[in-house]
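Text of data_31.tsv, listed as TSV, C-alpha atoms:
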chain	number	residue	atom	x	y	z
H	1440	MET	CA	0.00	0.00	0.00
H	1441	LYS	CA	1.40	3.38	-1.04
H	1442	THR	CA	1.62	6.23	1.38
H	1443	GLU	CA	0.32	9.68	0.50
H	1444	ARG	CA	3.86	11.04	0.16
H	1445	THR	CA	4.81	8.20	-2.22
H	1446	GLN	CA	1.71	8.82	-4.32
H	1447	ASN	CA	2.44	12.54	-4.34
H	1448	GLU	CA	6.05	11.90	-5.31
H	1449	SER	CA	4.99	9.55	-8.10
H	1450	ALA	CA	2.66	12.25	-9.43
H	1451	LEU	CA	5.51	14.77	-9.29
H	1452	VAL	CA	7.79	12.38	-11.19
H	1453	CYS	CA	5.15	11.89	-13.88
H	1454	ALA	CA	4.73	15.65	-14.19
H	1455	ALA	CA	8.51	16.14	-14.33
H	1456	ARG	CA	8.80	13.55	-17.08
H	1457	GLU	CA	6.27	15.60	-19.04
H	1458	GLY	CA	8.43	18.71	-18.67
H	1459	ASP	CA	6.99	20.34	-15.54
H	1460	LYS	CA	9.99	22.26	-14.17
H	1461	GLU	CA	8.26	23.12	-10.90
H	1462	ALA	CA	7.59	19.43	-10.21
H	1463	LEU	CA	11.22	18.57	-10.92
H	1464	ASN	CA	12.40	21.39	-8.66
H	1465	THR	CA	10.13	20.15	-5.86
H	1466	LEU	CA	11.49	16.62	-6.22
H	1467	LEU	CA	15.10	17.78	-6.07
H	1468	LEU	CA	14.44	20.01	-3.05
H	1469	ARG	CA	12.81	17.12	-1.17
H	1470	HIS	CA	15.87	14.93	-1.69
H	1471	TRP	CA	18.59	17.59	-1.59
H	1472	ARG	CA	20.02	17.01	1.91
H	1473	TRP	CA	20.53	13.26	1.70
H	1474	LEU	CA	21.62	13.55	-1.93
H	1475	LYS	CA	24.32	16.05	-1.01
H	1476	ALA	CA	25.46	13.78	1.82
H	1477	LEU	CA	25.66	10.83	-0.56
H	1478	VAL	CA	27.73	12.77	-3.09
H	1479	TYR	CA	30.00	14.05	-0.32
H	1480	SER	CA	30.51	10.51	0.96
H	1481	VAL	CA	31.87	9.47	-2.44
H	1482	LEU	CA	34.01	12.57	-2.98
H	1483	ALA	CA	35.35	12.59	0.60
H	1484	ASP	CA	35.85	16.35	0.32
H	1485	ALA	CA	33.65	19.39	0.03
H	1486	GLN	CA	35.67	21.39	-2.48
H	1487	ASP	CA	33.94	20.05	-5.59
H	1488	LEU	CA	30.63	19.21	-3.97
H	1489	ASP	CA	28.68	22.07	-5.56
H	1490	ASP	CA	30.06	21.29	-9.02
H	1491	VAL	CA	29.09	17.64	-8.77
H	1492	MET	CA	25.65	18.53	-7.40
H	1493	GLN	CA	25.15	20.79	-10.41
H	1494	ASP	CA	26.19	17.93	-12.70
H	1495	VAL	CA	23.70	15.66	-10.90
H	1496	CYS	CA	20.93	18.20	-11.48
H	1497	LEU	CA	21.79	18.46	-15.16
H	1498	ARG	CA	21.79	14.68	-15.41
H	1499	VAL	CA	18.39	14.46	-13.70
H	1500	VAL	CA	16.93	17.06	-16.07
H	1501	SER	CA	18.26	15.25	-19.13
H	1502	ARG	CA	17.39	11.73	-17.96
H	1503	ILE	CA	14.14	12.03	-15.97
H	1504	HIS	CA	12.22	10.80	-19.02
H	1505	THR	CA	14.07	7.45	-18.80
H	1506	LEU	CA	12.65	6.65	-15.35
H	1507	ARG	CA	10.02	3.97	-15.97
H	1508	GLU	CA	8.78	3.47	-12.41
H	1509	PRO	CA	7.96	6.80	-10.73
H	1510	GLU	CA	7.81	5.17	-7.27
H	1511	CYS	CA	11.51	4.31	-7.63
H	1512	PHE	CA	12.62	7.92	-8.02
H	1513	GLY	CA	14.69	7.97	-4.80
H	1514	ALA	CA	16.68	4.88	-5.70
H	1515	TRP	CA	17.10	6.07	-9.31
H	1516	LEU	CA	18.32	9.45	-8.06
H	1517	ALA	CA	20.76	7.82	-5.65
H	1518	ILE	CA	22.27	5.64	-8.37
H	1519	LEU	CA	22.55	8.54	-10.77
H	1520	ALA	CA	24.17	10.81	-8.15
H	1521	ARG	CA	26.56	8.13	-6.97
H	1522	ARG	CA	27.70	7.43	-10.54
H	1523	GLU	CA	28.24	11.15	-11.18
H	1524	ALA	CA	30.26	11.49	-7.97
H	1525	ILE	CA	32.37	8.42	-8.76
H	1526	LYS	CA	33.00	9.69	-12.28
H	1527	HIS	CA	34.16	13.02	-10.88
H	1528	TYR	CA	36.25	11.41	-8.14
H	1529	ARG	CA	38.04	9.13	-10.59
H	1530	GLY	CA	38.57	12.00	-13.01
H	1531	LYS	CA	40.53	14.07	-10.53
H	1532	ALA	CA	44.29	13.82	-10.63
H	1533	ARG	CA	44.64	14.84	-6.99
H	1534	ARG	CA	42.39	15.23	-3.96
H	1535	PRO	CA	42.44	18.72	-2.45
H	1536	ASP	CA	42.17	19.47	1.27
H	1537	PRO	CA	38.57	19.39	2.50
H	1538	THR	CA	36.73	22.55	3.49
H	1539	THR	CA	34.18	22.50	6.24
H	1540	ASP	CA	31.70	25.18	5.19
H	1541	GLY	CA	29.05	22.73	4.00
H	1542	PHE	CA	29.38	20.44	6.99
H	1543	VAL	CA	29.33	23.34	9.47
H	1544	ALA	CA	26.21	24.72	7.83
H	1545	MET	CA	24.63	21.25	7.82
H	1546	SER	CA	25.42	20.62	11.48
H	1547	ALA	CA	24.73	24.07	12.90
H	1548	ARG	CA	21.04	23.97	11.91
H	1549	GLY	CA	20.73	27.74	12.14
H	1550	VAL	CA	21.79	28.10	15.79
H	1551	GLN	CA	23.27	31.56	16.50
H	1552	ARG	CA	26.66	31.31	18.19
H	1553	GLY	CA	29.35	33.73	19.25
H	1554	PRO	CA	32.72	33.90	17.45
H	1555	LEU	CA	34.47	31.61	19.93
H	1556	GLU	CA	31.68	29.02	19.80
H	1557	ARG	CA	31.69	29.15	15.98
H	1558	LEU	CA	35.46	28.60	15.95
H	1559	GLU	CA	35.15	25.64	18.33
H	1560	GLN	CA	32.28	24.23	16.24
H	1561	ARG	CA	34.34	24.63	13.07
H	1562	GLU	CA	37.33	22.88	14.65
H	1563	LEU	CA	35.16	20.02	15.86
H	1564	CYS	CA	33.55	19.68	12.44
H	1565	GLN	CA	36.97	19.60	10.81
H	1566	LYS	CA	38.09	16.83	13.18
H	1567	VAL	CA	34.95	14.82	12.44
H	1568	LEU	CA	35.33	15.36	8.69
H	1569	ASP	CA	38.97	14.28	8.85
H	1570	ALA	CA	37.90	11.12	10.68
H	1571	VAL	CA	35.02	10.47	8.26
H	1572	GLU	CA	37.32	10.97	5.29
H	1573	THR	CA	39.49	8.05	6.44
H	1574	LEU	CA	36.55	5.63	6.58
H	1575	PRO	CA	36.15	2.98	3.89
H	1576	GLU	CA	33.56	4.10	1.31
H	1577	MET	CA	30.71	1.86	2.49
H	1578	TYR	CA	30.98	3.28	6.02
H	1579	ARG	CA	31.52	6.85	4.84
H	1580	GLU	CA	28.34	6.66	2.72
H	1581	VAL	CA	26.12	5.39	5.51
H	1582	PHE	CA	27.59	7.87	8.01
H	1583	MET	CA	26.94	10.86	5.74
H	1584	LEU	CA	23.44	9.70	4.82
H	1585	ALA	CA	22.53	9.17	8.46
H	1586	HIS	CA	23.86	12.54	9.52
H	1587	SER	CA	22.16	14.42	6.72
H	1588	GLY	CA	19.00	13.90	8.78
H	1589	ALA	CA	16.81	13.62	5.71
H	1590	LEU	CA	16.19	9.87	5.39
H	1591	THR	CA	14.70	7.12	7.48
H	1592	TYR	CA	16.68	3.92	7.97
H	1593	ALA	CA	14.48	2.18	5.40
H	1594	GLN	CA	15.17	4.92	2.84
H	1595	MET	CA	18.90	4.81	3.55
H	1596	ALA	CA	18.90	1.05	3.05
H	1597	GLU	CA	17.08	1.52	-0.26
H	1598	VAL	CA	19.59	4.13	-1.42
H	1599	LEU	CA	22.50	1.88	-0.47
H	1600	ASP	CA	20.74	-1.19	-1.89
H	1601	VAL	CA	21.26	-3.25	1.27
H	1602	PRO	CA	18.92	-4.67	3.92
H	1603	VAL	CA	18.05	-2.33	6.80
H	1604	THR	CA	19.95	-4.50	9.28
H	1605	THR	CA	23.11	-4.32	7.14
H	1606	MET	CA	22.76	-0.55	6.92
H	1607	GLN	CA	22.31	-0.31	10.71
H	1608	ILE	CA	25.39	-2.46	11.35
H	1609	ARG	CA	27.44	-0.32	8.98
H	1610	LEU	CA	26.25	2.83	10.70
H	1611	VAL	CA	27.17	1.53	14.14
H	1612	ARG	CA	30.61	0.51	12.86
H	1613	ALA	CA	31.10	3.85	11.09
H	1614	ARG	CA	30.24	5.80	14.23
H	1615	ARG	CA	32.54	3.61	16.30
H	1616	MET	CA	35.40	4.11	13.82
H	1617	VAL	CA	34.92	7.90	13.86
H	1618	GLN	CA	34.79	7.91	17.65
H	1619	ASP	CA	37.94	5.75	17.84
H	1620	ARG	CA	39.80	8.05	15.45
H	1621	LEU	CA	38.79	11.11	17.45
H	1622	SER	CA	39.83	9.41	20.71
H	1623	ASP	CA	43.19	8.41	19.19
H	1624	ARG	CA	43.86	12.03	18.18
H	1625	ASN	CA	42.99	13.27	21.66
H	1626	ARG	CA	45.35	10.72	23.22
H	1627	GLN	CA	48.13	11.80	20.86
H	1628	LYS	CA	47.68	15.43	21.87
H	1629	VAL	CA	47.91	14.53	25.55
H	1630	HIS	CA	51.12	12.56	24.97
H	1631	GLU	CA	52.64	15.41	22.94
H	1632	ARG	CA	52.24	17.85	25.84
For this file, produce the structure as structure tokens.
Amino acid sequence: MKTERTQNESALVCAAREGDKEALNTLLLRHWRWLKALVYSVLADAQDLDDVMQDVCLRVVSRIHTLREPECFGAWLAILARREAIKHYRGKARRPDPTTDGFVAMSARGVQRGPLERLEQRELCQKVLDAVETLPEMYREVFMLAHSGALTYAQMAEVLDVPVTTMQIRLVRARRMVQDRLSDRNRQKVHER
């Protein structure tokens, strides 16, 4: 049985396939947060994130008519975005240093902070991003999807094309690896003093 949101999304997909730009825009906005997290998880840096997201949007516009099953839009979008990100990642000769602007904006959720708190938040985000960047791809993907805050576990499992239990296990392991890496860095700082 389809939910109202699924039916609404299917109707939007059908309209987008017929050339309705507003419907396509609505679809992309609904999926933007988790989609951006997925692309970031493949790139492992934020420097080219906006460029790849633009390429994903262009690909969606040019390929939406090929989607046969409107109810599968989320999975189709995830596959398309992941392929675009992989293509970009493989095409780069070198990987630049990550920037934290996108992650800070994603994690701050509009909370007003003073300059010192913003600096501490930025430093913490950089440490987390550095730890996430070292994760194997399957753990990095699930971590970024989970922390985008836009998808349920069932939706994340669908995007990753794995059972929910597998996705949950990967998420627990990813969080543990990030926590271990952060703890290791803190221990190193204590020993250096």
Which one is closest to Asp1489 (chain H): H:Met1616, H:Val1581, H:Ala1524, H:Met1606? Count all atoms listed in the file.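 Using all atoms listed in the file, the shortest distance to Asp1489 (chain H) belongs to H:Ala1524.
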Could you tell me which of H:Ser1480, H:Gln1560, H:Gln1594, H:Thr1465 comes closest to Asn1447 (chain H) if we count only C-alpha atoms?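 Selected residue with least distance to Asn1447 (chain H): H:Thr1465.
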Polymer residues at most 8 Å from Ala1517 (chain H), only C-alpha atoms, same-chain spacing of 6 or more positions, as a short mmCIF file (atom, residue, chain, number, x, y, z; two decimals) with C-alpha atoms, keeping the file's coordinate frame:
data_model
loop_
_atom_site.label_atom_id
_atom_site.label_comp_id
_atom_site.auth_asym_id
_atom_site.auth_seq_id
_atom_site.Cartn_x
_atom_site.Cartn_y
_atom_site.Cartn_z
CA LEU H 1474 21.62 13.55 -1.93
CA LEU H 1477 25.66 10.83 -0.56
CA VAL H 1598 19.59 4.13 -1.42
#
So how many Å separate CA of Leu1621 (chain H) and CA of Cys1564 (chain H), to one decimal? 11.2 Å
Tell me which protein, DNA and RNA residues are within 12 Å of Met1492 (chain H), counting only C-alpha atoms, leaving out same-chain ones fewer than 2 positions away, and put them as a ChimeraX atom specification. /H:1467,1470-1479,1482,1485-1490,1494-1499,1516-1517,1519-1524,1527
What is the distance between CA of Ala1589 (chain H) and CA of Tyr1528 (chain H), in Å to one decimal?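 So the two atoms, CA of Ala1589 (chain H) and CA of Tyr1528 (chain H), lie 24.0 Å apart.
The nearest approach to Ser1622 (chain H) among the residues H:Ala1570, H:Leu1555, H:Leu1590, H:Ala1585, with all atoms listed in the file taken into account, belongs to H:Ala1570.
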Using all atoms listed in the file, can you tell me which of H:Leu1568, H:Val1500, H:Arg1614, H:Met1595 comes closest to Phe1582 (chain H)?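 Distance minimum relative to Phe1582 (chain H) lands on H:Arg1614.
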What is the CA of Leu1466 (chain H)-CA of Ser1501 (chain H) distance in Å, reported with one decimal?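 If I compute the distance from CA of Leu1466 (chain H) to CA of Ser1501 (chain H), I get 14.6 Å.
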Adding 3 Å on each side of the box along x, y and z that holds all listed atoms of region 1583-1592 of chain H, could you give its centre and edge lengths in Å to one decimal, as JSON?
{"center_x": 20.8, "center_y": 9.2, "center_z": 7.2, "size_x": 18.2, "size_y": 16.5, "size_z": 10.7}
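When only C-alpha atoms are used to compute distances to Ala1514 (chain H), the closest of the residues H:Ala1596, H:Val1571, H:Val1491, H:Ile1608 turns out to be H:Ala1596.
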Determine the nearest neighbour of Trp1515 (chain H) from the options H:Val1601, H:Leu1558, H:Ala1483, H:Ile1503, counting all atoms listed in the file.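 Going through H:Val1601, H:Leu1558, H:Ala1483, H:Ile1503 one by one, the smallest distance to Trp1515 (chain H) is for H:Ile1503.
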